[in-house]
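With PDB, C-alpha atoms, pLDDT in the B column inside, this is query_7.pdb:
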```pdb
ATOM      1  CA  MET A   1     130.987-126.811 -78.940  1.00 51.00           C
ATOM      2  CA  ALA A   2     128.027-127.750 -76.780  1.00 69.00           C
ATOM      3  CA  LEU A   3     128.065-131.200 -75.205  1.00 76.00           C
ATOM      4  CA  ASN A   4     125.088-133.531 -75.456  1.00 88.00           C
ATOM      5  CA  ASP A   5     123.539-134.677 -72.172  1.00 89.00           C
ATOM      6  CA  GLU A   6     125.446-137.991 -72.024  1.00 89.00           C
ATOM      7  CA  ASP A   7     128.809-136.290 -72.641  1.00 86.00           C
ATOM      8  CA  LEU A   8     127.972-133.583 -70.127  1.00 85.00           C
ATOM      9  CA  LYS A   9     127.017-136.202 -67.525  1.00 88.00           C
ATOM     10  CA  ALA A  10     130.290-138.069 -68.082  1.00 88.00           C
ATOM     11  CA  ARG A  11     132.298-134.848 -67.790  1.00 85.00           C
ATOM     12  CA  MET A  12     130.507-133.759 -64.614  1.00 86.00           C
ATOM     13  CA  ASN A  13     131.043-137.202 -63.035  1.00 85.00           C
ATOM     14  CA  ARG A  14     134.749-137.016 -63.924  1.00 85.00           C
ATOM     15  CA  PHE A  15     135.443-133.495 -62.629  1.00 79.00           C
ATOM     16  CA  VAL A  16     133.806-133.453 -59.216  1.00 78.00           C
ATOM     17  CA  PRO A  17     134.331-131.157 -56.241  1.00 82.00           C
ATOM     18  CA  PRO A  18     136.116-132.561 -53.153  1.00 87.00           C
ATOM     19  CA  THR A  19     132.819-132.808 -51.256  1.00 88.00           C
ATOM     20  CA  ALA A  20     131.614-135.370 -53.806  1.00 87.00           C
ATOM     21  CA  ALA A  21     133.807-138.034 -52.162  1.00 86.00           C
ATOM     22  CA  ILE A  22     132.286-137.303 -48.756  1.00 91.00           C
ATOM     23  CA  LEU A  23     128.766-137.409 -50.157  1.00 93.00           C
ATOM     24  CA  GLY A  24     129.397-140.378 -52.475  1.00 93.00           C
ATOM     25  CA  GLN A  25     127.986-138.327 -55.334  1.00 95.00           C
ATOM     26  CA  GLU A  26     127.205-139.655 -58.817  1.00 95.00           C
ATOM     27  CA  ILE A  27     125.119-138.040 -61.550  1.00 95.00           C
ATOM     28  CA  LEU A  28     122.734-140.631 -63.010  1.00 97.00           C
ATOM     29  CA  GLU A  29     120.633-138.660 -65.507  1.00 96.00           C
ATOM     30  CA  ILE A  30     120.385-135.127 -66.821  1.00 95.00           C
ATOM     31  CA  ASP A  31     118.095-133.170 -69.087  1.00 94.00           C
ATOM     32  CA  SER A  32     119.814-129.896 -69.911  1.00 91.00           C
ATOM     33  CA  GLU A  33     116.862-128.467 -71.814  1.00 93.00           C
ATOM     34  CA  ALA A  34     114.503-128.999 -68.876  1.00 94.00           C
ATOM     35  CA  GLY A  35     117.159-128.135 -66.249  1.00 94.00           C
ATOM     36  CA  TRP A  36     116.732-131.450 -64.444  1.00 97.00           C
ATOM     37  CA  VAL A  37     119.236-133.810 -62.810  1.00 97.00           C
ATOM     38  CA  LYS A  38     119.009-137.129 -60.937  1.00 98.00           C
ATOM     39  CA  MET A  39     121.871-137.910 -58.586  1.00 97.00           C
ATOM     40  CA  LYS A  40     122.873-140.774 -56.302  1.00 97.00           C
ATOM     41  CA  PHE A  41     124.556-140.237 -52.946  1.00 97.00           C
ATOM     42  CA  LEU A  42     126.187-142.620 -50.482  1.00 95.00           C
ATOM     43  CA  PRO A  43     127.707-140.445 -47.748  1.00 91.00           C
ATOM     44  CA  ILE A  44     130.669-141.729 -45.743  1.00 91.00           C
ATOM     45  CA  ASP A  45     130.141-143.063 -42.189  1.00 91.00           C
ATOM     46  CA  ALA A  46     131.391-139.794 -40.660  1.00 93.00           C
ATOM     47  CA  CYS A  47     128.159-138.172 -41.944  1.00 94.00           C
ATOM     48  CA  ARG A  48     126.056-139.987 -39.318  1.00 95.00           C
ATOM     49  CA  ASN A  49     124.383-138.230 -36.411  1.00 94.00           C
ATOM     50  CA  PRO A  50     124.313-139.725 -32.861  1.00 94.00           C
ATOM     51  CA  MET A  51     121.162-141.724 -33.793  1.00 93.00           C
ATOM     52  CA  GLY A  52     123.004-143.356 -36.710  1.00 93.00           C
ATOM     53  CA  ASN A  53     121.115-141.548 -39.476  1.00 96.00           C
ATOM     54  CA  VAL A  54     122.561-139.111 -42.005  1.00 97.00           C
ATOM     55  CA  GLN A  55     122.989-135.732 -40.291  1.00 97.00           C
ATOM     56  CA  GLY A  56     120.547-133.031 -41.462  1.00 97.00           C
ATOM     57  CA  GLY A  57     123.262-130.658 -42.672  1.00 96.00           C
ATOM     58  CA  ILE A  58     124.626-133.402 -44.916  1.00 96.00           C
ATOM     59  CA  ILE A  59     121.149-133.884 -46.375  1.00 98.00           C
ATOM     60  CA  VAL A  60     121.013-130.146 -47.084  1.00 98.00           C
ATOM     61  CA  ALA A  61     124.420-130.358 -48.811  1.00 97.00           C
ATOM     62  CA  MET A  62     123.194-133.180 -51.075  1.00 97.00           C
ATOM     63  CA  LEU A  63     120.050-131.260 -51.986  1.00 98.00           C
ATOM     64  CA  ASP A  64     121.984-128.021 -52.515  1.00 96.00           C
ATOM     65  CA  ASP A  65     124.323-129.828 -54.930  1.00 95.00           C
ATOM     66  CA  ALA A  66     121.405-131.338 -56.866  1.00 97.00           C
ATOM     67  CA  ALA A  67     119.726-127.935 -57.168  1.00 97.00           C
ATOM     68  CA  ALA A  68     122.966-126.221 -58.210  1.00 95.00           C
ATOM     69  CA  PHE A  69     123.761-128.893 -60.813  1.00 94.00           C
ATOM     70  CA  ALA A  70     120.283-128.409 -62.309  1.00 96.00           C
ATOM     71  CA  ALA A  71     120.926-124.686 -62.808  1.00 96.00           C
ATOM     72  CA  ILE A  72     124.435-125.262 -64.179  1.00 92.00           C
ATOM     73  CA  ILE A  73     123.120-127.862 -66.623  1.00 93.00           C
ATOM     74  CA  LYS A  74     120.265-125.595 -67.743  1.00 95.00           C
ATOM     75  CA  SER A  75     122.619-122.652 -68.356  1.00 92.00           C
ATOM     76  CA  GLY A  76     124.475-124.441 -71.149  1.00 87.00           C
ATOM     77  CA  LYS A  77     127.725-122.758 -70.114  1.00 88.00           C
ATOM     78  CA  ARG A  78     130.257-122.690 -67.290  1.00 86.00           C
ATOM     79  CA  ILE A  79     128.679-120.877 -64.347  1.00 91.00           C
ATOM     80  CA  GLY A  80     128.808-120.877 -60.583  1.00 92.00           C
ATOM     81  CA  VAL A  81     125.606-120.592 -58.566  1.00 95.00           C
ATOM     82  CA  PRO A  82     126.352-119.264 -55.072  1.00 95.00           C
ATOM     83  CA  THR A  83     123.334-119.813 -52.847  1.00 96.00           C
ATOM     84  CA  ILE A  84     121.667-116.692 -51.452  1.00 97.00           C
ATOM     85  CA  GLU A  85     118.918-118.449 -49.497  1.00 98.00           C
ATOM     86  CA  LEU A  86     117.526-121.919 -48.946  1.00 97.00           C
ATOM     87  CA  LYS A  87     114.841-123.724 -47.030  1.00 98.00           C
ATOM     88  CA  THR A  88     114.743-127.431 -46.311  1.00 98.00           C
ATOM     89  CA  SER A  89     111.816-129.460 -45.035  1.00 98.00           C
ATOM     90  CA  PHE A  90     112.572-132.886 -43.544  1.00 98.00           C
ATOM     91  CA  PHE A  91     109.978-135.649 -43.816  1.00 98.00           C
ATOM     92  CA  ALA A  92     111.808-138.821 -42.709  1.00 98.00           C
ATOM     93  CA  PRO A  93     115.246-139.855 -41.459  1.00 97.00           C
ATOM     94  CA  ALA A  94     117.831-140.876 -44.041  1.00 96.00           C
ATOM     95  CA  LYS A  95     119.329-144.177 -43.006  1.00 92.00           C
ATOM     96  CA  ALA A  96     123.103-144.247 -43.275  1.00 89.00           C
ATOM     97  CA  GLY A  97     124.840-146.803 -45.463  1.00 90.00           C
ATOM     98  CA  VAL A  98     122.114-147.009 -48.117  1.00 93.00           C
ATOM     99  CA  PRO A  99     121.949-145.130 -51.419  1.00 97.00           C
ATOM    100  CA  LEU A 100     119.976-141.900 -51.497  1.00 98.00           C
ATOM    101  CA  PHE A 101     118.620-140.324 -54.668  1.00 98.00           C
ATOM    102  CA  ALA A 102     118.073-136.633 -55.372  1.00 98.00           C
ATOM    103  CA  THR A 103     116.281-134.929 -58.197  1.00 98.00           C
ATOM    104  CA  GLY A 104     117.169-131.305 -58.794  1.00 98.00           C
ATOM    105  CA  ARG A 105     115.158-128.888 -60.928  1.00 98.00           C
ATOM    106  CA  CYS A 106     115.967-125.398 -62.135  1.00 98.00           C
ATOM    107  CA  LEU A 107     112.603-123.652 -62.043  1.00 98.00           C
ATOM    108  CA  LYS A 108     113.792-120.312 -63.441  1.00 97.00           C
ATOM    109  CA  LEU A 109     117.219-119.230 -64.629  1.00 96.00           C
ATOM    110  CA  GLY A 110     117.542-115.493 -65.064  1.00 95.00           C
ATOM    111  CA  LYS A 111     120.568-113.258 -65.545  1.00 93.00           C
ATOM    112  CA  ARG A 112     120.579-112.143 -61.908  1.00 96.00           C
ATOM    113  CA  ILE A 113     118.859-114.941 -60.005  1.00 97.00           C
ATOM    114  CA  ALA A 114     118.067-118.635 -60.329  1.00 97.00           C
ATOM    115  CA  PHE A 115     115.310-120.530 -58.528  1.00 98.00           C
ATOM    116  CA  MET A 116     115.732-124.253 -57.903  1.00 98.00           C
ATOM    117  CA  GLU A 117     114.204-127.188 -55.993  1.00 98.00           C
ATOM    118  CA  ALA A 118     115.513-130.603 -55.028  1.00 98.00           C
ATOM    119  CA  ASP A 119     113.993-133.708 -53.425  1.00 98.00           C
ATOM    120  CA  LEU A 120     115.748-136.605 -51.681  1.00 98.00           C
ATOM    121  CA  TYR A 121     114.438-140.183 -51.594  1.00 98.00           C
ATOM    122  CA  ASP A 122     115.736-143.525 -50.362  1.00 96.00           C
ATOM    123  CA  GLU A 123     115.736-146.763 -52.380  1.00 95.00           C
ATOM    124  CA  ALA A 124     112.201-147.615 -51.191  1.00 96.00           C
ATOM    125  CA  GLY A 125     110.899-144.288 -52.515  1.00 97.00           C
ATOM    126  CA  THR A 126     110.476-142.685 -49.083  1.00 97.00           C
ATOM    127  CA  HIS A 127     110.527-138.899 -49.459  1.00 98.00           C
ATOM    128  CA  ILE A 128     113.294-137.774 -47.082  1.00 98.00           C
ATOM    129  CA  ALA A 129     113.480-134.012 -47.663  1.00 98.00           C
ATOM    130  CA  ARG A 130     112.777-131.098 -50.025  1.00 98.00           C
ATOM    131  CA  LEU A 131     114.903-128.006 -50.579  1.00 98.00           C
ATOM    132  CA  SER A 132     113.910-124.776 -52.284  1.00 98.00           C
ATOM    133  CA  THR A 133     116.653-122.281 -52.992  1.00 98.00           C
ATOM    134  CA  SER A 134     117.769-119.273 -54.958  1.00 98.00           C
ATOM    135  CA  ALA A 135     121.227-118.392 -56.191  1.00 97.00           C
ATOM    136  CA  ILE A 136     123.113-115.816 -58.228  1.00 97.00           C
ATOM    137  CA  PRO A 137     124.320-117.183 -61.597  1.00 96.00           C
ATOM    138  CA  VAL A 138     127.949-116.114 -62.043  1.00 96.00           C
ATOM    139  CA  ASP A 139     129.800-116.582 -65.346  1.00 92.00           C
ATOM    140  CA  MET A 140     133.124-118.349 -64.817  1.00 87.00           C
ATOM    141  CA  GLU A 141     136.005-117.821 -67.198  1.00 76.00           C
ATOM    142  CA  GLY A 142     139.086-119.891 -67.818  1.00 62.00           C
ATOM    143  CA  PRO A 143     139.650-123.565 -67.107  1.00 55.00           C
ATOM    144  CA  SER A 144     138.027-125.152 -64.093  1.00 50.00           C
ATOM    145  CA  LYS A 145     140.282-126.140 -61.213  1.00 47.00           C
ATOM    146  CA  LEU A 146     138.760-129.585 -61.682  1.00 44.00           C
ATOM    147  CA  GLU A 147     139.542-129.961 -65.385  1.00 48.00           C
ATOM    148  CA  ASP A 148     142.436-131.839 -66.967  1.00 44.00           C
ATOM    149  CA  ARG A 149     145.712-129.933 -67.064  1.00 36.00           C
ATOM    150  CA  ALA A 150     146.616-130.838 -70.651  1.00 36.00           C
TER     151      ALA A 150
END
```
Any chance you could put this one into structure tokens?
Amino acid sequence: MALNDEDLKARMNRFVPPTAAILGQEILEIDSEAGWVKMKFLPIDACRNPMGNVQGGIIVAMLDDAAAFAAIIKSGKRIGVPTIELKTSFFAPAKAGVPLFATGRCLKLGKRIAFMEADLYDEAGTHIARLSTSAIPVDMEGPSKLEDRA
């Protein structure tokens, strides 16, 4: 039985990967038909660089998650999307300790490759960074390691 977008969002917020705690990840909105997701991040203090901003690799991780979630949501089934390449452009520093917001979009989901984009903004609407990426959609069978063990 397919889940509607609200049920899917609740499920994905409940069964999160361990990195979600480090990134302070929360899914705010999804549109499975369009392959679009909006996420909130509040990374822990250990994610700061020597200048006190969020370290660039952490920004890439947030954007990579938003892009991957967009492809997973668009697929309508349980898949993994291992990244095969990515490019990130940085436009402004991400201040630590304030919420950051990412939008992820699945541009094309094929049987052998998926193309995605993600953008990161702060609360004031400052465009922090953009990621473009491609991945290999992989069907996953059996229960997720993150699902309830009923």
Original post:
Which residue gives the smallest distance to Ala96 of chain A among A:Lys108, A:Val60, A:Ile73, A:Gly52, with all atoms listed in the file counted?
Top reply: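 So, comparing all the options, the nearest one is A:Gly52.
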Original post:
Applied to this file, what does the PyMOL selection byres ((chain A and resi 116-128) around 10) return in terms of residues, put as a ChimeraX atom specification?
Top reply: /A:35-41,59-60,62-71,86-95,98-109,114-115,129-135
Taking the file as shown, what set of residues would the PyMOL selection byres ((chain A and resi 137) around 10) give back, as a short mmCIF file (atom, residue, chain, number, x, y, z; two decimals) with C-alpha atoms, keeping the file's coordinate frame?
```
data_model
loop_
_atom_site.label_atom_id
_atom_site.label_comp_id
_atom_site.auth_asym_id
_atom_site.auth_seq_id
_atom_site.Cartn_x
_atom_site.Cartn_y
_atom_site.Cartn_z
CA ALA A 68 122.97 -126.22 -58.21
CA ALA A 71 120.93 -124.69 -62.81
CA ILE A 72 124.44 -125.26 -64.18
CA SER A 75 122.62 -122.65 -68.36
CA ARG A 78 130.26 -122.69 -67.29
CA ILE A 79 128.68 -120.88 -64.35
CA GLY A 80 128.81 -120.88 -60.58
CA VAL A 81 125.61 -120.59 -58.57
CA PRO A 82 126.35 -119.26 -55.07
CA THR A 83 123.33 -119.81 -52.85
CA LEU A 109 117.22 -119.23 -64.63
CA GLY A 110 117.54 -115.49 -65.06
CA LYS A 111 120.57 -113.26 -65.54
CA ARG A 112 120.58 -112.14 -61.91
CA ILE A 113 118.86 -114.94 -60.00
CA ALA A 114 118.07 -118.64 -60.33
CA SER A 134 117.77 -119.27 -54.96
CA ALA A 135 121.23 -118.39 -56.19
CA ILE A 136 123.11 -115.82 -58.23
CA VAL A 138 127.95 -116.11 -62.04
CA ASP A 139 129.80 -116.58 -65.35
CA MET A 140 133.12 -118.35 -64.82
#
```
What does the PyMOL selection byres ((chain A and resi 4-19) around 8) select in this file, as a PDB file with C-alpha atoms, in the frame of the given file?
```pdb
ATOM      1  CA  ALA A   2     128.027-127.750 -76.780  1.00 69.00           C
ATOM      2  CA  LEU A   3     128.065-131.200 -75.205  1.00 76.00           C
ATOM      3  CA  ALA A  20     131.614-135.370 -53.806  1.00 87.00           C
ATOM      4  CA  ALA A  21     133.807-138.034 -52.162  1.00 86.00           C
ATOM      5  CA  ILE A  22     132.286-137.303 -48.756  1.00 91.00           C
ATOM      6  CA  LEU A  23     128.766-137.409 -50.157  1.00 93.00           C
ATOM      7  CA  GLU A  26     127.205-139.655 -58.817  1.00 95.00           C
ATOM      8  CA  ILE A  27     125.119-138.040 -61.550  1.00 95.00           C
ATOM      9  CA  LEU A  28     122.734-140.631 -63.010  1.00 97.00           C
ATOM     10  CA  GLU A  29     120.633-138.660 -65.507  1.00 96.00           C
ATOM     11  CA  ILE A  30     120.385-135.127 -66.821  1.00 95.00           C
ATOM     12  CA  ASP A  31     118.095-133.170 -69.087  1.00 94.00           C
ATOM     13  CA  SER A  32     119.814-129.896 -69.911  1.00 91.00           C
ATOM     14  CA  LEU A 146     138.760-129.585 -61.682  1.00 44.00           C
ATOM     15  CA  GLU A 147     139.542-129.961 -65.385  1.00 48.00           C
TER      16      GLU A 147
END
```
Subject >> Point-to-point distance in Å for atom CA of Arg48 of chain A and atom CA of Gln25 of chain A >> reply: 16.2 Å
**OP:** Give me, please, the distance in Å between atom CA of Ala46 of chain A and atom CA of Gly97 of chain A, quoted to one decimal.
**Re:** 10.7 Å
Need the axis-aligned box for segment 11-27 of chain A with 8 Å each side, so what are the centre and edges in Å to one decimal, as JSON?
```
{"center_x": 130.6, "center_y": -135.8, "center_z": -58.3, "size_x": 27.0, "size_y": 25.2, "size_z": 35.0}
```
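One distance worth recording is that between atom CA of Pro43 of chain A and atom CA of Gly76 of chain A, which is 28.5 Å.
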Incomplete segment 65-100 of chain A filled out to N, CA and C atoms as a PDB file, in the frame of the given file:
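Generated file (result_22.pdb):
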```pdb
ATOM      1  N   ASP A  65     123.566-129.426 -53.739  1.00 95.00           N
ATOM      2  CA  ASP A  65     124.323-129.828 -54.930  1.00 95.00           C
ATOM      3  C   ASP A  65     123.393-130.186 -56.085  1.00 95.00           C
ATOM      4  N   ALA A  66     122.338-130.945 -55.797  1.00 97.00           N
ATOM      5  CA  ALA A  66     121.405-131.338 -56.866  1.00 97.00           C
ATOM      6  C   ALA A  66     120.742-130.109 -57.483  1.00 97.00           C
ATOM      7  N   ALA A  67     120.343-129.159 -56.657  1.00 97.00           N
ATOM      8  CA  ALA A  67     119.726-127.935 -57.168  1.00 97.00           C
ATOM      9  C   ALA A  67     120.718-127.131 -58.003  1.00 97.00           C
ATOM     10  N   ALA A  68     121.943-126.988 -57.490  1.00 95.00           N
ATOM     11  CA  ALA A  68     122.966-126.221 -58.210  1.00 95.00           C
ATOM     12  C   ALA A  68     123.300-126.874 -59.550  1.00 95.00           C
ATOM     13  N   PHE A  69     123.457-128.200 -59.565  1.00 94.00           N
ATOM     14  CA  PHE A  69     123.761-128.893 -60.813  1.00 94.00           C
ATOM     15  C   PHE A  69     122.652-128.675 -61.831  1.00 94.00           C
ATOM     16  N   ALA A  70     121.398-128.638 -61.386  1.00 96.00           N
ATOM     17  CA  ALA A  70     120.283-128.409 -62.309  1.00 96.00           C
ATOM     18  C   ALA A  70     120.409-127.046 -62.986  1.00 96.00           C
ATOM     19  N   ALA A  71     120.767-126.022 -62.220  1.00 96.00           N
ATOM     20  CA  ALA A  71     120.926-124.686 -62.808  1.00 96.00           C
ATOM     21  C   ALA A  71     122.126-124.637 -63.741  1.00 96.00           C
ATOM     22  N   ILE A  72     123.225-125.247 -63.334  1.00 92.00           N
ATOM     23  CA  ILE A  72     124.435-125.262 -64.179  1.00 92.00           C
ATOM     24  C   ILE A  72     124.131-125.963 -65.500  1.00 92.00           C
ATOM     25  N   ILE A  73     123.464-127.098 -65.419  1.00 93.00           N
ATOM     26  CA  ILE A  73     123.120-127.862 -66.623  1.00 93.00           C
ATOM     27  C   ILE A  73     122.195-127.049 -67.531  1.00 93.00           C
ATOM     28  N   LYS A  74     121.212-126.374 -66.945  1.00 95.00           N
ATOM     29  CA  LYS A  74     120.265-125.595 -67.743  1.00 95.00           C
ATOM     30  C   LYS A  74     120.940-124.409 -68.431  1.00 95.00           C
ATOM     31  N   SER A  75     121.971-123.851 -67.807  1.00 92.00           N
ATOM     32  CA  SER A  75     122.619-122.652 -68.356  1.00 92.00           C
ATOM     33  C   SER A  75     123.296-122.909 -69.697  1.00 92.00           C
ATOM     34  N   GLY A  76     123.779-124.121 -69.903  1.00 87.00           N
ATOM     35  CA  GLY A  76     124.475-124.441 -71.149  1.00 87.00           C
ATOM     36  C   GLY A  76     125.865-123.842 -71.235  1.00 87.00           C
ATOM     37  N   LYS A  77     126.370-123.318 -70.129  1.00 88.00           N
ATOM     38  CA  LYS A  77     127.725-122.758 -70.114  1.00 88.00           C
ATOM     39  C   LYS A  77     128.326-122.950 -68.728  1.00 88.00           C
ATOM     40  N   ARG A  78     129.554-122.525 -68.561  1.00 86.00           N
ATOM     41  CA  ARG A  78     130.257-122.690 -67.290  1.00 86.00           C
ATOM     42  C   ARG A  78     129.881-121.541 -66.351  1.00 86.00           C
ATOM     43  N   ILE A  79     129.078-121.877 -65.336  1.00 91.00           N
ATOM     44  CA  ILE A  79     128.679-120.877 -64.347  1.00 91.00           C
ATOM     45  C   ILE A  79     128.861-121.431 -62.940  1.00 91.00           C
ATOM     46  N   GLY A  80     128.928-120.541 -61.989  1.00 92.00           N
ATOM     47  CA  GLY A  80     128.808-120.877 -60.583  1.00 92.00           C
ATOM     48  C   GLY A  80     127.444-120.399 -60.127  1.00 92.00           C
ATOM     49  N   VAL A  81     126.914-121.002 -59.074  1.00 95.00           N
ATOM     50  CA  VAL A  81     125.606-120.592 -58.566  1.00 95.00           C
ATOM     51  C   VAL A  81     125.661-120.490 -57.038  1.00 95.00           C
ATOM     52  N   PRO A  82     126.308-119.428 -56.525  1.00 95.00           N
ATOM     53  CA  PRO A  82     126.352-119.264 -55.072  1.00 95.00           C
ATOM     54  C   PRO A  82     124.950-119.063 -54.494  1.00 95.00           C
ATOM     55  N   THR A  83     124.645-119.845 -53.489  1.00 96.00           N
ATOM     56  CA  THR A  83     123.334-119.813 -52.847  1.00 96.00           C
ATOM     57  C   THR A  83     123.154-118.501 -52.085  1.00 96.00           C
ATOM     58  N   ILE A  84     121.962-117.890 -52.236  1.00 97.00           N
ATOM     59  CA  ILE A  84     121.667-116.692 -51.452  1.00 97.00           C
ATOM     60  C   ILE A  84     120.595-116.962 -50.386  1.00 97.00           C
ATOM     61  N   GLU A  85     119.847-118.015 -50.543  1.00 98.00           N
ATOM     62  CA  GLU A  85     118.918-118.449 -49.497  1.00 98.00           C
ATOM     63  C   GLU A  85     118.481-119.870 -49.804  1.00 98.00           C
ATOM     64  N   LEU A  86     118.086-120.582 -48.745  1.00 97.00           N
ATOM     65  CA  LEU A  86     117.526-121.919 -48.946  1.00 97.00           C
ATOM     66  C   LEU A  86     116.637-122.273 -47.775  1.00 97.00           C
ATOM     67  N   LYS A  87     115.724-123.184 -48.046  1.00 98.00           N
ATOM     68  CA  LYS A  87     114.841-123.724 -47.030  1.00 98.00           C
ATOM     69  C   LYS A  87     114.748-125.221 -47.273  1.00 98.00           C
ATOM     70  N   THR A  88     114.860-125.984 -46.203  1.00 98.00           N
ATOM     71  CA  THR A  88     114.743-127.431 -46.311  1.00 98.00           C
ATOM     72  C   THR A  88     113.681-127.932 -45.349  1.00 98.00           C
ATOM     73  N   SER A  89     112.812-128.779 -45.858  1.00 98.00           N
ATOM     74  CA  SER A  89     111.816-129.460 -45.035  1.00 98.00           C
ATOM     75  C   SER A  89     112.204-130.930 -44.969  1.00 98.00           C
ATOM     76  N   PHE A  90     112.203-131.493 -43.753  1.00 98.00           N
ATOM     77  CA  PHE A  90     112.572-132.886 -43.544  1.00 98.00           C
ATOM     78  C   PHE A  90     111.318-133.693 -43.246  1.00 98.00           C
ATOM     79  N   PHE A  91     111.176-134.826 -43.949  1.00 98.00           N
ATOM     80  CA  PHE A  91     109.978-135.649 -43.816  1.00 98.00           C
ATOM     81  C   PHE A  91     110.238-136.994 -43.147  1.00 98.00           C
ATOM     82  N   ALA A  92     111.463-137.513 -43.271  1.00 98.00           N
ATOM     83  CA  ALA A  92     111.808-138.821 -42.709  1.00 98.00           C
ATOM     84  C   ALA A  92     113.319-138.876 -42.528  1.00 98.00           C
ATOM     85  N   PRO A  93     113.790-139.731 -41.613  1.00 97.00           N
ATOM     86  CA  PRO A  93     115.246-139.855 -41.459  1.00 97.00           C
ATOM     87  C   PRO A  93     115.848-140.572 -42.668  1.00 97.00           C
ATOM     88  N   ALA A  94     117.079-140.197 -42.972  1.00 96.00           N
ATOM     89  CA  ALA A  94     117.831-140.876 -44.041  1.00 96.00           C
ATOM     90  C   ALA A  94     118.750-141.884 -43.370  1.00 96.00           C
ATOM     91  N   LYS A  95     118.499-143.140 -43.604  1.00 92.00           N
ATOM     92  CA  LYS A  95     119.329-144.177 -43.006  1.00 92.00           C
ATOM     93  C   LYS A  95     120.727-144.141 -43.624  1.00 92.00           C
ATOM     94  N   ALA A  96     121.723-144.250 -42.796  1.00 89.00           N
ATOM     95  CA  ALA A  96     123.103-144.247 -43.275  1.00 89.00           C
ATOM     96  C   ALA A  96     123.438-145.596 -43.903  1.00 89.00           C
ATOM     97  N   GLY A  97     124.359-145.572 -44.845  1.00 90.00           N
ATOM     98  CA  GLY A  97     124.840-146.803 -45.463  1.00 90.00           C
ATOM     99  C   GLY A  97     123.989-147.326 -46.599  1.00 90.00           C
ATOM    100  N   VAL A  98     122.933-146.597 -46.975  1.00 93.00           N
ATOM    101  CA  VAL A  98     122.114-147.009 -48.117  1.00 93.00           C
ATOM    102  C   VAL A  98     122.099-145.869 -49.131  1.00 93.00           C
ATOM    103  N   PRO A  99     121.976-146.189 -50.412  1.00 97.00           N
ATOM    104  CA  PRO A  99     121.949-145.130 -51.419  1.00 97.00           C
ATOM    105  C   PRO A  99     120.754-144.199 -51.239  1.00 97.00           C
ATOM    106  N   LEU A 100     121.005-142.928 -51.497  1.00 98.00           N
ATOM    107  CA  LEU A 100     119.976-141.900 -51.497  1.00 98.00           C
ATOM    108  C   LEU A 100     119.951-141.274 -52.881  1.00 98.00           C
TER     109      LEU A 100
END
```
